[in-house]
$ cat start37.txt   # compact mmCIF, C-alpha atoms and all ligand atoms
# COMPACT_ATOMS: atom_id res chain seq x y z
CA MET A 1 31.12 -37.62 -21.60
CA PHE A 2 29.38 -38.82 -18.47
CA LEU A 3 26.44 -39.97 -20.57
CA GLN A 4 28.66 -42.03 -22.87
CA LEU A 5 30.45 -43.71 -19.95
CA PHE A 6 27.17 -44.48 -18.27
CA CYS A 7 25.74 -45.99 -21.47
CA PHE A 8 28.88 -48.04 -22.01
CA TYR A 9 28.65 -49.40 -18.46
CA LEU A 10 24.97 -50.26 -18.84
CA SER A 11 25.54 -51.88 -22.22
CA CYS A 12 28.31 -54.07 -20.80
CA LEU A 13 26.05 -55.20 -17.99
CA LEU A 14 23.19 -55.95 -20.33
CA THR A 15 25.29 -57.86 -22.86
CA LEU A 16 26.85 -59.94 -20.05
CA ARG A 17 23.41 -60.66 -18.70
CA LEU A 18 22.35 -61.95 -22.09
CA ARG A 19 25.36 -64.26 -21.94
CA GLN A 20 26.60 -63.22 -25.33
CA PRO A 21 29.80 -61.38 -24.39
CA LYS A 22 31.37 -61.96 -27.76
CA SER A 23 28.53 -60.64 -29.81
CA MET A 24 29.94 -57.26 -30.80
CA ALA A 25 26.96 -56.38 -32.96
CA ARG A 26 24.55 -56.90 -30.09
CA PHE A 27 26.75 -54.80 -27.80
CA CYS A 28 26.78 -51.92 -30.29
CA PHE A 29 23.03 -52.09 -30.74
CA VAL A 30 22.35 -52.04 -26.99
CA TYR A 31 24.87 -49.22 -26.51
CA LEU A 32 23.29 -47.00 -29.18
CA TYR A 33 19.77 -47.77 -28.02
CA MET A 34 20.62 -46.90 -24.38
CA LYS A 35 22.39 -43.73 -25.44
CA SER A 36 19.49 -42.39 -27.49
CA THR A 37 16.91 -43.30 -24.85
CA LEU A 38 18.91 -41.66 -22.06
CA LYS A 39 19.52 -38.59 -24.20
CA ARG A 40 15.79 -38.26 -24.81
CA ILE A 41 15.04 -38.57 -21.09
CA MET A 42 17.69 -35.98 -20.21
CA PHE A 43 16.42 -33.54 -22.83
CA THR A 44 12.87 -33.95 -21.52
CA ILE A 45 13.99 -33.27 -17.92
CA ALA A 46 16.08 -30.25 -18.98
CA GLY A 47 13.18 -28.89 -21.04
CA PHE A 48 10.77 -29.33 -18.15
CA LEU A 49 13.14 -27.57 -15.71
CA LEU A 50 13.66 -24.68 -18.14
CA LEU A 51 9.93 -24.30 -18.72
CA SER A 52 9.10 -24.32 -15.00
CA SER A 53 11.77 -21.71 -14.25
CA ILE A 54 10.42 -19.45 -17.02
CA THR A 55 6.87 -19.76 -15.67
CA ALA A 56 8.12 -19.01 -12.15
CA CYS A 57 9.84 -15.83 -13.41
CA ALA A 58 6.74 -14.79 -15.33
CA GLN A 59 4.67 -15.15 -12.18
CA LYS A 60 7.13 -13.20 -10.03
CA GLN A 61 7.54 -10.22 -12.37
CA PRO A 62 4.09 -8.57 -11.99
CA LYS A 63 4.28 -8.92 -8.19
CA ALA A 64 7.57 -7.03 -8.04
CA ALA A 65 6.21 -4.32 -10.32
CA THR A 66 2.99 -3.70 -8.36
CA VAL A 67 4.60 -3.14 -4.94
CA PRO A 68 6.01 0.38 -5.49
CA THR A 69 3.06 1.69 -7.54
CA THR A 70 0.55 0.95 -4.78
CA ILE A 71 2.50 3.08 -2.31
CA THR A 72 3.44 6.14 -4.36
CA LYS A 73 1.07 9.10 -4.23
CA LYS A 74 -1.93 6.87 -3.51
CA ASP A 75 -3.39 9.41 -1.12
CA MET A 76 -2.92 12.41 -3.41
CA SER A 77 -4.88 10.77 -6.22
CA ASN A 78 -7.81 10.33 -3.84
CA TRP A 79 -7.94 13.99 -2.78
CA ASN A 80 -11.17 15.87 -3.48
CA LYS A 81 -11.20 18.74 -5.96
CA LEU A 82 -11.37 22.06 -4.12
CA THR A 83 -13.22 25.26 -4.99
CA LYS A 84 -11.25 28.53 -5.10
CA GLU A 85 -12.57 29.50 -1.66
CA GLU A 86 -11.59 26.12 -0.18
CA GLU A 87 -8.16 26.27 -1.82
CA ALA A 88 -7.51 29.76 -0.40
CA VAL A 89 -7.90 28.36 3.13
CA ILE A 90 -6.75 24.73 2.86
CA VAL A 91 -3.77 25.20 0.52
CA HIS A 92 -2.81 28.86 1.02
CA LYS A 93 -3.58 28.95 4.77
CA GLY A 94 -6.19 31.66 4.60
CA THR A 95 -8.98 32.34 7.11
CA GLU A 96 -12.71 32.45 6.37
CA TYR A 97 -14.76 35.41 7.61
CA PRO A 98 -15.88 34.85 11.21
CA GLY A 99 -19.50 33.85 11.73
CA THR A 100 -20.00 32.70 8.13
CA GLY A 101 -19.04 29.01 8.22
CA GLU A 102 -21.64 26.40 7.35
CA LEU A 103 -20.67 24.16 10.25
CA LEU A 104 -20.36 26.93 12.88
CA ASN A 105 -23.74 26.27 14.49
CA ASN A 106 -24.02 22.57 13.62
CA LYS A 107 -25.21 20.66 16.71
CA GLU A 108 -25.75 17.25 15.10
CA LYS A 109 -23.97 14.12 16.26
CA GLY A 110 -21.33 12.92 13.87
CA THR A 111 -17.78 13.26 12.61
CA TYR A 112 -16.03 16.27 11.09
CA THR A 113 -13.75 15.17 8.26
CA CYS A 114 -11.04 16.81 6.16
CA LYS A 115 -12.52 18.57 3.09
CA ARG A 116 -9.53 17.52 0.98
CA CYS A 117 -8.75 13.92 1.98
CA ASN A 118 -11.82 12.79 4.01
CA ALA A 119 -9.73 11.87 7.06
CA PRO A 120 -11.82 12.00 10.29
CA LEU A 121 -10.66 15.01 12.36
CA TYR A 122 -13.12 15.80 15.19
CA ARG A 123 -16.13 14.19 16.89
CA SER A 124 -19.24 16.24 17.60
CA GLU A 125 -18.87 15.52 21.36
CA THR A 126 -15.76 17.72 21.47
CA LYS A 127 -17.41 20.72 19.72
CA PHE A 128 -18.34 23.63 21.97
CA GLU A 129 -19.61 27.22 21.67
CA SER A 130 -16.77 29.69 22.01
CA TYR A 131 -18.50 32.67 20.30
CA CYS A 132 -15.31 33.39 18.39
CA GLY A 133 -16.96 32.96 14.99
CA TRP A 134 -15.40 29.65 13.96
CA PRO A 135 -16.21 26.04 14.89
CA SER A 136 -14.38 25.17 18.11
CA PHE A 137 -13.30 21.79 19.45
CA ASP A 138 -11.46 20.95 22.67
CA ASP A 139 -9.94 17.70 21.35
CA GLU A 140 -9.10 16.01 18.04
CA ILE A 141 -9.55 12.40 17.01
CA GLU A 142 -6.30 10.75 18.14
CA GLY A 143 -3.48 11.35 15.63
CA ALA A 144 -5.71 13.25 13.16
CA VAL A 145 -4.29 16.76 13.67
CA LYS A 146 -0.70 17.98 13.45
CA ARG A 147 0.45 21.10 15.30
CA ILE A 148 2.99 23.50 13.75
CA GLN A 149 4.42 26.44 15.67
CA ASP A 150 4.23 29.75 13.78
CA ALA A 151 7.61 31.25 12.87
CA ASP A 152 7.21 34.10 15.40
CA GLY A 153 6.03 31.65 18.09
CA SER A 154 2.80 33.56 18.74
CA ARG A 155 0.34 30.97 17.42
CA THR A 156 0.17 27.26 16.70
CA GLU A 157 -1.19 26.23 13.32
CA ILE A 158 -3.18 22.99 13.00
CA VAL A 159 -3.17 20.90 9.83
CA CYS A 160 -4.72 17.59 8.78
CA ALA A 161 -2.16 14.92 9.71
CA ALA A 162 -3.09 12.87 6.64
CA CYS A 163 -2.80 15.46 3.85
CA GLY A 164 -1.29 18.57 5.49
CA GLY A 165 -4.32 20.74 4.64
CA HIS A 166 -4.65 23.91 6.75
CA LEU A 167 -7.39 23.72 9.39
CA GLY A 168 -6.83 26.74 11.65
CA HIS A 169 -5.06 27.35 14.95
CA VAL A 170 -5.05 25.85 18.43
CA PHE A 171 -5.12 27.92 21.63
CA LEU A 172 -4.39 26.66 25.16
CA GLY A 173 -5.27 27.94 28.63
CA GLU A 174 -8.38 29.96 27.78
CA GLY A 175 -10.59 28.08 30.23
CA PHE A 176 -13.50 27.33 27.89
CA THR A 177 -13.68 23.63 28.79
CA LEU A 178 -11.97 21.22 31.20
CA LYS A 179 -9.47 20.31 28.52
CA ASN A 180 -8.47 24.00 28.37
CA THR A 181 -7.89 23.71 24.62
CA ARG A 182 -9.60 25.39 21.67
CA HIS A 183 -9.10 24.13 18.13
CA CYS A 184 -10.28 27.11 16.10
CA VAL A 185 -11.11 25.48 12.75
CA ASN A 186 -12.23 26.99 9.47
CA SER A 187 -15.62 25.57 8.53
CA VAL A 188 -14.52 25.43 4.90
CA SER A 189 -11.70 23.02 5.77
CA MET A 190 -14.16 20.36 6.89
CA ASN A 191 -17.11 18.20 5.88
CA PHE A 192 -19.63 16.80 8.35
CA VAL A 193 -20.72 13.17 8.33
CA PRO A 194 -23.75 12.61 10.61
CA ASP A 195 -23.94 9.41 12.65
CA THR A 196 -26.27 6.86 11.12
CA LYS A 197 -29.34 6.25 13.25
CA GLY A 198 -30.15 2.66 13.86
ZN ZN A 201 -6.71 15.90 4.99

$ encode --input "start37.txt" --output "structure tokens"
Amino acid sequence: MFLQLFCFYLSCLLTLRLRQPKSMARFCFVYLYMKSTLKRIMFTIAGFLLLSSITACAQKQPKAATVPTTITKKDMSNWNKLTKEEEAVIVHKGTEYPGTGELLNNKEKGTYTCKRCNAPLYRSETKFESYCGWPSFDDEIEGAVKRIQDADGSRTEIVCAACGGHLGHVFLGEGFTLKNTRHCVNSVSMNFVPDTKG
């Protein structure tokens, strides 16, 4: 409707300009020509707008789909496969025999990491000899270890803050070091990554 009125107006103007107001045939010709041209232009614009909106949607869709998948269970899929012995301690909260751990007498400089998720747990500078039969540390890497009070309140369990894997127990007030803290950690719960020399 709007298109027809607009064409009619333009045709009138054009016919008057040509100083042939009485030429009805010319008026009709100009009117039809204007109408078809304008229609073509409008269709082109509408088509272009439709196409650009479809492309915009197509570009947005994969973005929206990737956001949740990158967050869910990302860490679990990266966990290392555990042996039965490791699983007994890390998953089922068991304890390795005292004096048997591979890392018990390790004196090298480096970082002790979680056997299951590779999160850094302790630095070698905090390891000390407690003669209790398990690797002992008087401090953890900040935020790496979570403490959980045993149900009977007698001991405090320590787990990897990143994956929840069982590490051992923490004891306070024994006077071994100035920090007065002993993280008693199962060797099997950890890996050791030596510092690179250079
Ligand atoms: Zn872990």

$ closest_atom_pairs --input "start37.txt" --of "chain A" --to "ligand ZN 201 (chain A)" --cutoff "6 Å" --atoms "all atoms listed in the file" --output "JSON lines"
{"residue": "A:Cys114", "atom": "CA", "partner": "A:ZN201", "partner_atom": "ZN", "distance": 4.6}
{"residue": "A:Arg116", "atom": "CA", "partner": "A:ZN201", "partner_atom": "ZN", "distance": 5.2}
{"residue": "A:Cys117", "atom": "CA", "partner": "A:ZN201", "partner_atom": "ZN", "distance": 4.1}
{"residue": "A:Ala119", "atom": "CA", "partner": "A:ZN201", "partner_atom": "ZN", "distance": 5.4}
{"residue": "A:Cys160", "atom": "CA", "partner": "A:ZN201", "partner_atom": "ZN", "distance": 4.6}
{"residue": "A:Ala162", "atom": "CA", "partner": "A:ZN201", "partner_atom": "ZN", "distance": 5.0}
{"residue": "A:Cys163", "atom": "CA", "partner": "A:ZN201", "partner_atom": "ZN", "distance": 4.1}
{"residue": "A:Gly165", "atom": "CA", "partner": "A:ZN201", "partner_atom": "ZN", "distance": 5.4}

$ closest_residue --input "start37.txt" --among "A:Ala161, A:Val145, A:Leu167, A:Ala88" --to "A:Ser189" --atoms "only C-alpha atoms"
A:Leu167

$ closest_residue --input "start37.txt" --among "A:Glu125, A:Val188, A:Tyr131, A:Asn80" --to "A:Tyr97" --atoms "only C-alpha atoms"
A:Val188

$ residues_around --input "start37.txt" --residues "A:Leu172" --least-positions-apart "3" --cutoff "9 Å" --atoms "all atoms listed in the file" --output "MDAnalysis selection string"
chainID A and resid 175 179:183

$ atom_distance --input "start37.txt" --atom1 "atom CA of A:Pro194" --atom2 "atom CA of A:Tyr122"
12.0 Å

$ atom_distance --input "start37.txt" --atom1 "atom CA of A:Thr95" --atom2 "atom CA of A:Asn186"
6.7 Å

$ residues_near_point --input "start37.txt" --point "(-15.3, 27.5, 22.6)" --cutoff "10 Å" --atoms "all atoms listed in the file" --output "number ranges by chain"
A: 126-138, 174-177, 180-184

$ atom_distance --input "start37.txt" --atom1 "atom CA of A:Phe192" --atom2 "atom CA of A:Gly168"
16.5 Å

$ closest_residue --input "start37.txt" --among "A:Gln149, A:Arg40, A:Lys115, A:Ser154" --to "A:Val89" --atoms "all atoms listed in the file"
A:Lys115

$ closest_residue --input "start37.txt" --among "A:Thr156, A:Trp79, A:Val91, A:Asn105" --to "A:Ser187" --atoms "all atoms listed in the file"
A:Asn105

$ closest_residue --input "start37.txt" --among "A:Met76, A:Leu82, A:Ile158, A:Ile148" --to "A:Leu121" --atoms "only C-alpha atoms"
A:Ile158

$ closest_residue --input "start37.txt" --among "A:Glu142, A:Val159, A:Lys81, A:His166" --to "A:Glu96" --atoms "only C-alpha atoms"
A:His166

$ build_atoms --input "start37.txt" --residues "stretch 147-158 of chain A" --atoms "all heavy atoms" --output "mmCIF file, keeping the file's coordinate frame"
data_model
loop_
_atom_site.group_PDB
_atom_site.id
_atom_site.type_symbol
_atom_site.label_atom_id
_atom_site.label_comp_id
_atom_site.auth_asym_id
_atom_site.auth_seq_id
_atom_site.Cartn_x
_atom_site.Cartn_y
_atom_site.Cartn_z
ATOM 1 N N ARG A 147 0.242 19.718 14.839
ATOM 2 C CA ARG A 147 0.450 21.100 15.300
ATOM 3 C C ARG A 147 1.783 21.641 14.777
ATOM 4 O O ARG A 147 2.803 20.974 14.876
ATOM 5 C CB ARG A 147 0.442 21.162 16.825
ATOM 6 C CG ARG A 147 -0.855 20.647 17.422
ATOM 7 C CD ARG A 147 -0.812 20.616 18.929
ATOM 8 N NE ARG A 147 -2.046 20.006 19.444
ATOM 9 C CZ ARG A 147 -2.623 20.331 20.571
ATOM 10 N NH1 ARG A 147 -2.094 21.268 21.343
ATOM 11 N NH2 ARG A 147 -3.731 19.736 20.967
ATOM 12 N N ILE A 148 1.759 22.858 14.264
ATOM 13 C CA ILE A 148 2.990 23.500 13.750
ATOM 14 C C ILE A 148 3.095 24.893 14.361
ATOM 15 O O ILE A 148 2.205 25.728 14.184
ATOM 16 C CB ILE A 148 2.964 23.592 12.203
ATOM 17 C CG1 ILE A 148 2.808 22.197 11.564
ATOM 18 C CG2 ILE A 148 4.227 24.267 11.679
ATOM 19 C CD1 ILE A 148 2.400 22.219 10.107
ATOM 20 N N GLN A 149 4.197 25.129 15.044
ATOM 21 C CA GLN A 149 4.420 26.440 15.670
ATOM 22 C C GLN A 149 4.675 27.496 14.604
ATOM 23 O O GLN A 149 5.470 27.274 13.680
ATOM 24 C CB GLN A 149 5.630 26.333 16.619
ATOM 25 C CG GLN A 149 5.787 27.507 17.574
ATOM 26 C CD GLN A 149 4.763 27.478 18.702
ATOM 27 O OE1 GLN A 149 4.448 26.425 19.237
ATOM 28 N NE2 GLN A 149 4.233 28.652 19.051
ATOM 29 N N ASP A 150 3.975 28.636 14.706
ATOM 30 C CA ASP A 150 4.230 29.750 13.780
ATOM 31 C C ASP A 150 5.678 30.214 13.919
ATOM 32 O O ASP A 150 6.277 30.061 14.988
ATOM 33 C CB ASP A 150 3.294 30.937 14.089
ATOM 34 C CG ASP A 150 1.946 30.762 13.383
ATOM 35 O OD1 ASP A 150 1.761 29.724 12.725
ATOM 36 O OD2 ASP A 150 1.102 31.666 13.515
ATOM 37 N N ALA A 151 6.202 30.815 12.857
ATOM 38 C CA ALA A 151 7.610 31.250 12.870
ATOM 39 C C ALA A 151 7.893 32.219 14.021
ATOM 40 O O ALA A 151 8.955 32.142 14.657
ATOM 41 C CB ALA A 151 7.945 31.894 11.534
ATOM 42 N N ASP A 152 6.958 33.126 14.319
ATOM 43 C CA ASP A 152 7.210 34.100 15.400
ATOM 44 C C ASP A 152 6.830 33.537 16.780
ATOM 45 O O ASP A 152 6.971 34.215 17.804
ATOM 46 C CB ASP A 152 6.445 35.413 15.123
ATOM 47 C CG ASP A 152 4.939 35.197 15.048
ATOM 48 O OD1 ASP A 152 4.483 34.042 15.265
ATOM 49 O OD2 ASP A 152 4.209 36.163 14.782
ATOM 50 N N GLY A 153 6.325 32.302 16.815
ATOM 51 C CA GLY A 153 6.030 31.650 18.090
ATOM 52 C C GLY A 153 4.744 32.110 18.755
ATOM 53 O O GLY A 153 4.412 31.655 19.853
ATOM 54 N N SER A 154 3.999 33.015 18.091
ATOM 55 C CA SER A 154 2.800 33.560 18.740
ATOM 56 C C SER A 154 1.606 32.595 18.667
ATOM 57 O O SER A 154 0.816 32.540 19.596
ATOM 58 C CB SER A 154 2.422 34.886 18.091
ATOM 59 O OG SER A 154 2.134 34.680 16.718
ATOM 60 N N ARG A 155 1.494 31.850 17.574
ATOM 61 C CA ARG A 155 0.340 30.970 17.420
ATOM 62 C C ARG A 155 0.788 29.574 16.968
ATOM 63 O O ARG A 155 1.899 29.398 16.465
ATOM 64 C CB ARG A 155 -0.640 31.538 16.387
ATOM 65 C CG ARG A 155 -1.326 32.801 16.848
ATOM 66 C CD ARG A 155 -2.498 33.142 15.956
ATOM 67 N NE ARG A 155 -2.119 33.260 14.539
ATOM 68 C CZ ARG A 155 -2.990 33.487 13.561
ATOM 69 N NH1 ARG A 155 -4.274 33.576 13.827
ATOM 70 N NH2 ARG A 155 -2.587 33.609 12.318
ATOM 71 N N THR A 156 -0.118 28.616 17.150
ATOM 72 C CA THR A 156 0.170 27.260 16.700
ATOM 73 C C THR A 156 -0.834 26.860 15.625
ATOM 74 O O THR A 156 -2.033 26.801 15.892
ATOM 75 C CB THR A 156 0.117 26.257 17.874
ATOM 76 O OG1 THR A 156 1.009 26.701 18.899
ATOM 77 C CG2 THR A 156 0.512 24.856 17.433
ATOM 78 N N GLU A 157 -0.324 26.626 14.424
ATOM 79 C CA GLU A 157 -1.190 26.230 13.320
ATOM 80 C C GLU A 157 -1.582 24.753 13.469
ATOM 81 O O GLU A 157 -0.792 23.955 13.988
ATOM 82 C CB GLU A 157 -0.434 26.424 11.992
ATOM 83 C CG GLU A 157 -1.291 26.161 10.775
ATOM 84 C CD GLU A 157 -0.495 25.927 9.486
ATOM 85 O OE1 GLU A 157 0.739 26.107 9.489
ATOM 86 O OE2 GLU A 157 -1.130 25.538 8.491
ATOM 87 N N ILE A 158 -2.785 24.411 13.026
ATOM 88 C CA ILE A 158 -3.180 22.990 13.000
ATOM 89 C C ILE A 158 -3.480 22.593 11.557
ATOM 90 O O ILE A 158 -4.127 23.339 10.829
ATOM 91 C CB ILE A 158 -4.392 22.690 13.925
ATOM 92 C CG1 ILE A 158 -5.480 23.759 13.806
ATOM 93 C CG2 ILE A 158 -3.946 22.502 15.363
ATOM 94 C CD1 ILE A 158 -6.732 23.453 14.611
#
